[in-house]
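Source file: entry-v6.csv (CSV, N, CA and C atoms)
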```csv
chain,number,residue,atom,x,y,z
A,268,MET,N,17.9,22.6,9.6
A,268,MET,CA,18.3,23.6,8.6
A,268,MET,C,18.8,24.8,9.4
A,269,GLU,N,20.0,25.3,8.9
A,269,GLU,CA,20.6,26.4,9.6
A,269,GLU,C,19.8,27.7,9.4
A,270,SER,N,19.5,28.4,10.5
A,270,SER,CA,18.7,29.6,10.4
A,270,SER,C,19.4,30.8,9.7
A,271,SER,N,20.7,30.7,9.6
A,271,SER,CA,21.5,31.8,8.9
A,271,SER,C,21.4,31.8,7.4
A,272,ARG,N,20.9,30.7,6.9
A,272,ARG,CA,20.7,30.6,5.4
A,272,ARG,C,19.3,30.8,5.0
A,273,SER,N,19.1,31.5,3.9
A,273,SER,CA,17.7,31.7,3.4
A,273,SER,C,17.4,30.5,2.6
A,274,ALA,N,16.1,30.1,2.5
A,274,ALA,CA,15.7,28.9,1.8
A,274,ALA,C,14.4,29.2,1.1
A,275,ILE,N,14.1,28.4,0.1
A,275,ILE,CA,12.8,28.4,-0.6
A,275,ILE,C,12.3,27.0,-0.8
A,276,THR,N,11.0,26.9,-0.9
A,276,THR,CA,10.4,25.6,-1.1
A,276,THR,C,10.7,25.1,-2.6
A,277,LEU,N,10.9,23.8,-2.8
A,277,LEU,CA,11.1,23.3,-4.1
A,277,LEU,C,9.8,23.3,-4.9
A,278,THR,N,9.7,24.0,-6.0
A,278,THR,CA,8.6,24.0,-6.9
A,278,THR,C,9.1,23.9,-8.3
A,279,LYS,N,8.2,23.7,-9.2
A,279,LYS,CA,8.6,23.7,-10.6
A,279,LYS,C,9.4,24.9,-11.0
A,280,GLN,N,8.9,26.1,-10.6
A,280,GLN,CA,9.6,27.3,-10.9
A,280,GLN,C,11.0,27.4,-10.3
A,281,SER,N,11.1,27.0,-9.0
A,281,SER,CA,12.4,27.1,-8.4
A,281,SER,C,13.4,26.1,-8.9
A,282,LEU,N,12.9,24.9,-9.4
A,282,LEU,CA,13.7,23.9,-10.0
A,282,LEU,C,14.2,24.5,-11.3
A,283,GLN,N,13.4,25.1,-12.1
A,283,GLN,CA,13.8,25.7,-13.4
A,283,GLN,C,14.8,26.8,-13.1
A,284,GLN,N,14.6,27.6,-12.1
A,284,GLN,CA,15.6,28.7,-11.7
A,284,GLN,C,17.0,28.1,-11.5
A,285,LEU,N,17.1,26.9,-10.8
A,285,LEU,CA,18.4,26.3,-10.6
A,285,LEU,C,19.0,25.9,-12.0
A,286,LYS,N,18.2,25.3,-12.8
A,286,LYS,CA,18.7,24.9,-14.2
A,286,LYS,C,19.2,26.2,-14.9
A,287,ASP,N,18.4,27.2,-14.9
A,287,ASP,CA,18.7,28.5,-15.6
A,287,ASP,C,20.0,29.1,-15.1
A,288,LEU,N,20.3,28.9,-13.8
A,288,LEU,CA,21.5,29.4,-13.2
A,288,LEU,C,22.7,28.5,-13.5
A,289,GLY,N,22.5,27.4,-14.2
A,289,GLY,CA,23.6,26.4,-14.5
A,289,GLY,C,23.9,25.4,-13.5
A,290,PHE,N,23.0,25.2,-12.5
A,290,PHE,CA,23.2,24.1,-11.5
A,290,PHE,C,22.7,22.8,-12.1
A,291,ARG,N,23.6,21.8,-12.1
A,291,ARG,CA,23.2,20.5,-12.8
A,291,ARG,C,22.9,19.5,-11.7
A,292,PHE,N,23.2,19.7,-10.5
A,292,PHE,CA,23.0,18.7,-9.4
A,292,PHE,C,22.5,19.4,-8.1
A,293,VAL,N,22.0,18.6,-7.2
A,293,VAL,CA,21.7,19.1,-5.9
A,293,VAL,C,22.2,18.0,-4.9
A,294,LEU,N,22.8,18.5,-3.8
A,294,LEU,CA,23.2,17.6,-2.7
A,294,LEU,C,22.0,17.5,-1.9
A,295,ILE,N,21.5,16.3,-1.6
A,295,ILE,CA,20.3,16.0,-0.8
A,295,ILE,C,20.7,15.7,0.6
A,296,LYS,N,20.1,16.4,1.6
A,296,LYS,CA,20.3,16.2,3.0
A,296,LYS,C,18.9,15.9,3.6
A,297,GLY,N,18.8,14.8,4.3
A,297,GLY,CA,17.5,14.5,5.0
A,297,GLY,C,17.7,14.8,6.5
A,298,TYR,N,16.6,15.4,7.1
A,298,TYR,CA,16.6,15.7,8.5
A,298,TYR,C,15.4,15.2,9.2
A,299,THR,N,15.5,14.8,10.5
A,299,THR,CA,14.4,14.4,11.3
A,299,THR,C,13.8,15.6,11.9
A,300,THR,N,12.7,15.4,12.7
A,300,THR,CA,12.0,16.5,13.4
A,300,THR,C,12.9,17.3,14.3
A,301,ASP,N,13.9,16.6,14.9
A,301,ASP,CA,14.8,17.3,15.8
A,301,ASP,C,16.1,17.7,15.2
A,302,ARG,N,16.1,17.8,13.8
A,302,ARG,CA,17.2,18.4,13.0
A,302,ARG,C,18.5,17.5,13.0
A,303,ARG,N,18.3,16.2,13.2
A,303,ARG,CA,19.4,15.3,13.0
A,303,ARG,C,19.4,14.9,11.5
A,304,ILE,N,20.6,14.7,10.9
A,304,ILE,CA,20.6,14.2,9.6
A,304,ILE,C,20.3,12.7,9.6
A,305,ASP,N,19.3,12.3,8.7
A,305,ASP,CA,18.8,11.0,8.7
A,305,ASP,C,18.1,10.8,7.3
A,306,TYR,N,18.2,9.6,6.8
A,306,TYR,CA,17.5,9.3,5.5
A,306,TYR,C,16.4,8.3,5.6
A,307,ILE,N,16.1,7.8,6.9
A,307,ILE,CA,15.1,6.8,7.1
A,307,ILE,C,13.8,7.5,7.6
A,308,GLU,N,13.9,8.3,8.7
A,308,GLU,CA,12.8,8.9,9.3
A,308,GLU,C,12.8,10.4,9.0
A,309,VAL,N,12.6,10.8,7.7
A,309,VAL,CA,12.8,12.1,7.2
A,309,VAL,C,11.6,13.0,7.5
A,310,ASN,N,11.8,14.2,8.1
A,310,ASN,CA,10.8,15.2,8.2
A,310,ASN,C,10.9,16.2,7.1
A,311,TYR,N,12.1,16.5,6.7
A,311,TYR,CA,12.3,17.4,5.5
A,311,TYR,C,13.6,17.2,4.9
A,312,PHE,N,13.7,17.6,3.6
A,312,PHE,CA,15.0,17.5,2.9
A,312,PHE,C,15.5,18.9,2.6
A,313,THR,N,16.8,19.1,2.5
A,313,THR,CA,17.3,20.3,2.0
A,313,THR,C,18.1,19.9,0.7
A,314,LEU,N,18.1,20.8,-0.2
A,314,LEU,CA,18.8,20.6,-1.5
A,314,LEU,C,19.8,21.7,-1.6
A,315,VAL,N,21.1,21.3,-1.8
A,315,VAL,CA,22.2,22.3,-2.0
A,315,VAL,C,22.6,22.3,-3.4
A,316,PRO,N,22.3,23.3,-4.2
A,316,PRO,CA,22.7,23.3,-5.6
A,316,PRO,C,24.2,23.3,-5.8
A,317,VAL,N,24.6,22.5,-6.8
A,317,VAL,CA,26.0,22.4,-7.2
A,317,VAL,C,26.1,22.3,-8.7
A,318,LYS,N,27.1,22.8,-9.3
A,318,LYS,CA,27.3,22.8,-10.7
A,318,LYS,C,28.0,21.5,-11.2
A,319,ASP,N,28.9,21.0,-10.4
A,319,ASP,CA,29.6,19.8,-10.8
A,319,ASP,C,29.8,18.9,-9.6
A,320,LEU,N,29.8,17.6,-9.8
A,320,LEU,CA,30.0,16.6,-8.7
A,320,LEU,C,31.5,16.7,-8.2
A,321,PRO,N,31.7,16.5,-6.9
A,321,PRO,CA,33.1,16.5,-6.5
A,321,PRO,C,33.8,15.2,-7.0
A,322,GLU,N,35.1,15.4,-7.3
A,322,GLU,CA,35.9,14.3,-7.7
A,322,GLU,C,36.5,13.5,-6.6
A,323,ASP,N,36.7,14.2,-5.4
A,323,ASP,CA,37.3,13.5,-4.2
A,323,ASP,C,36.3,12.5,-3.7
A,324,PRO,N,36.6,11.2,-3.6
A,324,PRO,CA,35.7,10.2,-3.1
A,324,PRO,C,35.3,10.5,-1.7
A,325,ASN,N,36.1,11.2,-0.9
A,325,ASN,CA,35.7,11.5,0.5
A,325,ASN,C,34.6,12.5,0.6
A,326,LYS,N,34.4,13.2,-0.5
A,326,LYS,CA,33.3,14.3,-0.5
A,326,LYS,C,32.1,13.9,-1.2
A,327,LYS,N,32.0,12.6,-1.6
A,327,LYS,CA,30.8,12.2,-2.3
A,327,LYS,C,29.7,11.9,-1.3
A,328,GLU,N,28.5,12.4,-1.6
A,328,GLU,CA,27.3,12.2,-0.7
A,328,GLU,C,26.2,11.8,-1.6
A,329,ILE,N,25.0,12.2,-1.3
A,329,ILE,CA,23.8,11.8,-2.1
A,329,ILE,C,23.5,13.0,-3.0
A,330,TYR,N,23.7,12.9,-4.3
A,330,TYR,CA,23.4,13.9,-5.2
A,330,TYR,C,22.3,13.4,-6.2
A,331,GLU,N,21.6,14.4,-6.8
A,331,GLU,CA,20.6,14.1,-7.8
A,331,GLU,C,20.7,15.1,-8.9
A,332,SER,N,20.5,14.7,-10.1
A,332,SER,CA,20.5,15.6,-11.2
A,332,SER,C,19.3,16.5,-11.2
A,333,THR,N,19.5,17.8,-11.6
A,333,THR,CA,18.3,18.7,-11.6
A,333,THR,C,17.3,18.3,-12.7
A,334,ASP,N,17.7,17.4,-13.6
A,334,ASP,CA,16.8,16.9,-14.6
A,334,ASP,C,16.1,15.6,-14.2
A,335,SER,N,16.3,15.2,-13.0
A,335,SER,CA,15.7,13.9,-12.6
A,335,SER,C,14.2,13.9,-12.4
A,336,ASP,N,13.6,12.7,-12.6
A,336,ASP,CA,12.2,12.6,-12.4
A,336,ASP,C,11.8,12.7,-11.0
A,337,ILE,N,12.7,12.3,-10.1
A,337,ILE,CA,12.4,12.4,-8.6
A,337,ILE,C,12.2,13.9,-8.2
A,338,LEU,N,13.2,14.7,-8.6
A,338,LEU,CA,13.1,16.2,-8.3
A,338,LEU,C,11.8,16.8,-8.9
A,339,MET,N,11.5,16.4,-10.2
A,339,MET,CA,10.3,16.9,-10.8
A,339,MET,C,9.1,16.5,-10.1
A,340,GLN,N,9.0,15.3,-9.6
A,340,GLN,CA,7.9,14.8,-8.8
A,340,GLN,C,7.7,15.6,-7.5
A,341,TRP,N,8.8,15.8,-6.8
A,341,TRP,CA,8.8,16.6,-5.6
A,341,TRP,C,8.3,18.0,-5.9
A,342,ALA,N,8.9,18.6,-7.0
A,342,ALA,CA,8.6,20.0,-7.3
A,342,ALA,C,7.1,20.1,-7.8
A,343,SER,N,6.5,19.1,-8.4
A,343,SER,CA,5.2,19.1,-8.9
A,343,SER,C,4.1,19.1,-7.7
A,344,PHE,N,4.5,18.5,-6.6
A,344,PHE,CA,3.6,18.3,-5.5
A,344,PHE,C,4.3,18.8,-4.2
A,345,PRO,N,4.6,20.1,-4.1
A,345,PRO,CA,5.4,20.6,-2.9
A,345,PRO,C,4.7,20.4,-1.6
A,346,ASP,N,3.4,20.2,-1.6
A,346,ASP,CA,2.7,20.1,-0.3
A,346,ASP,C,2.4,18.6,0.1
A,347,ASP,N,2.9,17.7,-0.7
A,347,ASP,CA,2.7,16.3,-0.4
A,347,ASP,C,4.0,15.7,0.2
A,348,GLY,N,3.9,14.8,1.2
A,348,GLY,CA,5.1,14.2,1.8
A,348,GLY,C,6.0,15.1,2.5
A,349,ALA,N,7.3,14.7,2.6
A,349,ALA,CA,8.2,15.5,3.3
A,349,ALA,C,8.5,16.9,2.7
A,350,LYS,N,8.7,17.9,3.4
A,350,LYS,CA,9.0,19.2,2.9
A,350,LYS,C,10.4,19.2,2.2
A,351,VAL,N,10.5,19.9,1.1
A,351,VAL,CA,11.8,19.9,0.3
A,351,VAL,C,12.1,21.4,0.2
A,352,ILE,N,13.3,21.8,0.7
A,352,ILE,CA,13.8,23.1,0.7
A,352,ILE,C,15.1,23.3,-0.1
A,353,ILE,N,15.2,24.3,-0.8
A,353,ILE,CA,16.5,24.6,-1.5
A,353,ILE,C,17.2,25.7,-0.7
A,354,GLU,N,18.5,25.4,-0.3
A,354,GLU,CA,19.3,26.3,0.4
A,354,GLU,C,19.7,27.4,-0.6
A,355,MET,N,19.5,28.6,-0.3
A,355,MET,CA,19.7,29.7,-1.3
A,355,MET,C,21.1,30.2,-1.3
A,356,GLU,N,21.9,30.0,-0.3
A,356,GLU,CA,23.3,30.5,-0.2
A,356,GLU,C,24.1,30.3,-1.4
A,357,PRO,N,24.1,29.1,-2.0
A,357,PRO,CA,24.9,28.9,-3.2
A,357,PRO,C,24.4,29.7,-4.4
A,358,LEU,N,23.1,30.0,-4.4
A,358,LEU,CA,22.5,30.7,-5.5
A,358,LEU,C,23.0,32.2,-5.5
A,359,VAL,N,23.1,32.7,-4.3
A,359,VAL,CA,23.6,34.1,-4.1
A,359,VAL,C,25.0,34.2,-4.6
A,360,LYS,N,25.9,33.2,-4.3
A,360,LYS,CA,27.3,33.2,-4.7
A,360,LYS,C,27.4,33.1,-6.2
A,361,ALA,N,26.5,32.4,-6.9
A,361,ALA,CA,26.6,32.2,-8.3
A,361,ALA,C,26.2,33.4,-9.1
A,362,SER,N,25.5,34.3,-8.6
A,362,SER,CA,25.0,35.5,-9.3
A,362,SER,C,26.1,36.5,-9.6
```
Could you render the structure as structure tokens?
Amino acid sequence: MESSRSAITLTKQSLQQLKDLGFRFVLIKGYTTDRRIDYIEVNYFTLVPVKDLPEDPNKKEIYESTDSDILMQWASFPDDGAKVIIEMEPLVKAS
């Protein structure tokens, strides 16, 4: 995770905040303990809020709806499993 960005832990409250701000999706990035992007041996995830999915096929990555059961499960148990962090930079731009 880049140290220049502020971030918060995913909780039910922070997930609701994303929805209230109009974010419909999050870009999911998985990282290893040495901060390499990986989706197999994940130490933590970062979520980058987005309002719409990209139309360009070259920009498609792993996205999840803010209404998904997976995100709600992660938000309900923030201390279990891999750490899940929301990158706050997009939220600042949206205000």
Using backbone DSSP assignments, extract all strand (DSSP E or B) residues from stretch 296-342 of chain A; output them as a VMD selection string. chain A and resid 296 to 298 304 311 to 317 330 to 332
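The nearest approach to A:Thr313 among the residues A:Ser332, A:Thr300, A:Asn325, A:Thr276, with only C-alpha atoms taken into account, belongs to A:Thr276.
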Contacts of stretch 280-334 of chain A with stretch 342-355 of chain A up to 7 Å, shortest pair per row, all atoms listed in the file, as a Markdown table:
```
| residue | atom | partner | partner_atom | distance |
| --- | --- | --- | --- | --- |
| A:Gln280 | N | A:Ala342 | C | 6.9 |
| A:Leu282 | N | A:Ala342 | CA | 6.8 |
| A:Val309 | C | A:Ala349 | CA | 6.0 |
| A:Asn310 | C | A:Lys350 | N | 4.6 |
| A:Tyr311 | CA | A:Lys350 | N | 4.2 |
| A:Phe312 | N | A:Lys350 | C | 3.9 |
| A:Thr313 | CA | A:Ile352 | C | 4.3 |
| A:Leu314 | N | A:Ile352 | C | 3.9 |
| A:Val315 | N | A:Glu354 | N | 5.1 |
| A:Pro316 | N | A:Glu354 | N | 5.8 |
```
Among the residues of chain A, find those DSSP assigns to alpha helix (DSSP H) from the backbone and print them as a PDB file with N, CA and C atoms, in the coordinates of the input.
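Final output, saved to result.pdb:
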```pdb
ATOM      1  N   LYS A 279       8.200  23.700  -9.200  1.00  0.00           N
ATOM      2  CA  LYS A 279       8.600  23.700 -10.600  1.00  0.00           C
ATOM      3  C   LYS A 279       9.400  24.900 -11.000  1.00  0.00           C
ATOM      4  N   GLN A 280       8.900  26.100 -10.600  1.00  0.00           N
ATOM      5  CA  GLN A 280       9.600  27.300 -10.900  1.00  0.00           C
ATOM      6  C   GLN A 280      11.000  27.400 -10.300  1.00  0.00           C
ATOM      7  N   SER A 281      11.100  27.000  -9.000  1.00  0.00           N
ATOM      8  CA  SER A 281      12.400  27.100  -8.400  1.00  0.00           C
ATOM      9  C   SER A 281      13.400  26.100  -8.900  1.00  0.00           C
ATOM     10  N   LEU A 282      12.900  24.900  -9.400  1.00  0.00           N
ATOM     11  CA  LEU A 282      13.700  23.900 -10.000  1.00  0.00           C
ATOM     12  C   LEU A 282      14.200  24.500 -11.300  1.00  0.00           C
ATOM     13  N   GLN A 283      13.400  25.100 -12.100  1.00  0.00           N
ATOM     14  CA  GLN A 283      13.800  25.700 -13.400  1.00  0.00           C
ATOM     15  C   GLN A 283      14.800  26.800 -13.100  1.00  0.00           C
ATOM     16  N   GLN A 284      14.600  27.600 -12.100  1.00  0.00           N
ATOM     17  CA  GLN A 284      15.600  28.700 -11.700  1.00  0.00           C
ATOM     18  C   GLN A 284      17.000  28.100 -11.500  1.00  0.00           C
ATOM     19  N   LEU A 285      17.100  26.900 -10.800  1.00  0.00           N
ATOM     20  CA  LEU A 285      18.400  26.300 -10.600  1.00  0.00           C
ATOM     21  C   LEU A 285      19.000  25.900 -12.000  1.00  0.00           C
ATOM     22  N   LYS A 286      18.200  25.300 -12.800  1.00  0.00           N
ATOM     23  CA  LYS A 286      18.700  24.900 -14.200  1.00  0.00           C
ATOM     24  C   LYS A 286      19.200  26.200 -14.900  1.00  0.00           C
ATOM     25  N   ASP A 287      18.400  27.200 -14.900  1.00  0.00           N
ATOM     26  CA  ASP A 287      18.700  28.500 -15.600  1.00  0.00           C
ATOM     27  C   ASP A 287      20.000  29.100 -15.100  1.00  0.00           C
ATOM     28  N   ASP A 336      13.600  12.700 -12.600  1.00  0.00           N
ATOM     29  CA  ASP A 336      12.200  12.600 -12.400  1.00  0.00           C
ATOM     30  C   ASP A 336      11.800  12.700 -11.000  1.00  0.00           C
ATOM     31  N   ILE A 337      12.700  12.300 -10.100  1.00  0.00           N
ATOM     32  CA  ILE A 337      12.400  12.400  -8.600  1.00  0.00           C
ATOM     33  C   ILE A 337      12.200  13.900  -8.200  1.00  0.00           C
ATOM     34  N   LEU A 338      13.200  14.700  -8.600  1.00  0.00           N
ATOM     35  CA  LEU A 338      13.100  16.200  -8.300  1.00  0.00           C
ATOM     36  C   LEU A 338      11.800  16.800  -8.900  1.00  0.00           C
ATOM     37  N   MET A 339      11.500  16.400 -10.200  1.00  0.00           N
ATOM     38  CA  MET A 339      10.300  16.900 -10.800  1.00  0.00           C
ATOM     39  C   MET A 339       9.100  16.500 -10.100  1.00  0.00           C
ATOM     40  N   GLN A 340       9.000  15.300  -9.600  1.00  0.00           N
ATOM     41  CA  GLN A 340       7.900  14.800  -8.800  1.00  0.00           C
ATOM     42  C   GLN A 340       7.700  15.600  -7.500  1.00  0.00           C
ATOM     43  N   TRP A 341       8.800  15.800  -6.800  1.00  0.00           N
ATOM     44  CA  TRP A 341       8.800  16.600  -5.600  1.00  0.00           C
ATOM     45  C   TRP A 341       8.300  18.000  -5.900  1.00  0.00           C
ATOM     46  N   ALA A 342       8.900  18.600  -7.000  1.00  0.00           N
ATOM     47  CA  ALA A 342       8.600  20.000  -7.300  1.00  0.00           C
ATOM     48  C   ALA A 342       7.100  20.100  -7.800  1.00  0.00           C
ATOM     49  N   SER A 343       6.500  19.100  -8.400  1.00  0.00           N
ATOM     50  CA  SER A 343       5.200  19.100  -8.900  1.00  0.00           C
ATOM     51  C   SER A 343       4.100  19.100  -7.700  1.00  0.00           C
ATOM     52  N   GLU A 356      21.900  30.000  -0.300  1.00  0.00           N
ATOM     53  CA  GLU A 356      23.300  30.500  -0.200  1.00  0.00           C
ATOM     54  C   GLU A 356      24.100  30.300  -1.400  1.00  0.00           C
ATOM     55  N   PRO A 357      24.100  29.100  -2.000  1.00  0.00           N
ATOM     56  CA  PRO A 357      24.900  28.900  -3.200  1.00  0.00           C
ATOM     57  C   PRO A 357      24.400  29.700  -4.400  1.00  0.00           C
ATOM     58  N   LEU A 358      23.100  30.000  -4.400  1.00  0.00           N
ATOM     59  CA  LEU A 358      22.500  30.700  -5.500  1.00  0.00           C
ATOM     60  C   LEU A 358      23.000  32.200  -5.500  1.00  0.00           C
ATOM     61  N   VAL A 359      23.100  32.700  -4.300  1.00  0.00           N
ATOM     62  CA  VAL A 359      23.600  34.100  -4.100  1.00  0.00           C
ATOM     63  C   VAL A 359      25.000  34.200  -4.600  1.00  0.00           C
ATOM     64  N   LYS A 360      25.900  33.200  -4.300  1.00  0.00           N
ATOM     65  CA  LYS A 360      27.300  33.200  -4.700  1.00  0.00           C
ATOM     66  C   LYS A 360      27.400  33.100  -6.200  1.00  0.00           C
ATOM     67  N   ALA A 361      26.500  32.400  -6.900  1.00  0.00           N
ATOM     68  CA  ALA A 361      26.600  32.200  -8.300  1.00  0.00           C
ATOM     69  C   ALA A 361      26.200  33.400  -9.100  1.00  0.00           C
TER      70      ALA A 361
END
```
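Atom N of A:Asp323 is found 27.1 Å from atom CA of A:Met339.
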Which of A:Tyr298, A:Phe292, A:Val317, A:Glu308 sits closest to A:Glu331 [using all atoms listed in the file]: A:Phe292
Calculate how many Å separate atom N of A:Leu338 from atom N of A:Ser273, rounding to one decimal. 21.8 Å
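Here atom CA of A:Thr299 and atom N of A:Pro324 stand 26.9 Å from one another.
For the set A:Glu328, A:Leu277, A:Trp341, A:Gln284, the residue with the smallest atom-to-atom gap to A:Tyr306 is A:Glu328, counting only C-alpha atoms.
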Written coordinates, C-alpha atoms of stretch 294-321 of chain A as a PDB file, in the first residue's frame:
```pdb
ATOM      1  CA  LEU A 294     -11.378  -2.300  -7.420  1.00  0.00           C
ATOM      2  CA  ILE A 295      -9.821  -5.098  -5.365  1.00  0.00           C
ATOM      3  CA  LYS A 296      -6.033  -5.365  -5.163  1.00  0.00           C
ATOM      4  CA  GLY A 297      -4.373  -8.179  -3.211  1.00  0.00           C
ATOM      5  CA  TYR A 298      -0.885  -7.829  -1.742  1.00  0.00           C
ATOM      6  CA  THR A 299       1.661 -10.183  -0.199  1.00  0.00           C
ATOM      7  CA  THR A 300       3.677  -9.422   2.944  1.00  0.00           C
ATOM      8  CA  ASP A 301       6.422  -7.874   0.791  1.00  0.00           C
ATOM      9  CA  ARG A 302       3.864  -5.635  -0.989  1.00  0.00           C
ATOM     10  CA  ARG A 303       3.755  -7.482  -4.305  1.00  0.00           C
ATOM     11  CA  ILE A 304       0.380  -7.703  -6.021  1.00  0.00           C
ATOM     12  CA  ASP A 305      -0.862 -11.268  -5.701  1.00  0.00           C
ATOM     13  CA  TYR A 306      -4.230 -12.950  -5.323  1.00  0.00           C
ATOM     14  CA  ILE A 307      -3.061 -16.368  -4.083  1.00  0.00           C
ATOM     15  CA  GLU A 308      -0.913 -15.647  -1.012  1.00  0.00           C
ATOM     16  CA  VAL A 309      -2.675 -12.502   0.159  1.00  0.00           C
ATOM     17  CA  ASN A 310      -1.627 -10.651   3.314  1.00  0.00           C
ATOM     18  CA  TYR A 311      -4.033  -7.752   2.793  1.00  0.00           C
ATOM     19  CA  PHE A 312      -6.424  -6.275   0.242  1.00  0.00           C
ATOM     20  CA  THR A 313      -6.936  -2.675  -0.765  1.00  0.00           C
ATOM     21  CA  LEU A 314     -10.245  -1.475  -2.119  1.00  0.00           C
ATOM     22  CA  VAL A 315     -10.319   1.484  -4.501  1.00  0.00           C
ATOM     23  CA  PRO A 316     -13.831   2.954  -4.698  1.00  0.00           C
ATOM     24  CA  VAL A 317     -15.227   3.654  -8.185  1.00  0.00           C
ATOM     25  CA  LYS A 318     -18.617   4.884  -9.315  1.00  0.00           C
ATOM     26  CA  ASP A 319     -18.703   3.098 -12.688  1.00  0.00           C
ATOM     27  CA  LEU A 320     -16.850   0.200 -14.251  1.00  0.00           C
ATOM     28  CA  PRO A 321     -14.402   1.055 -17.044  1.00  0.00           C
TER      29      PRO A 321
END
```
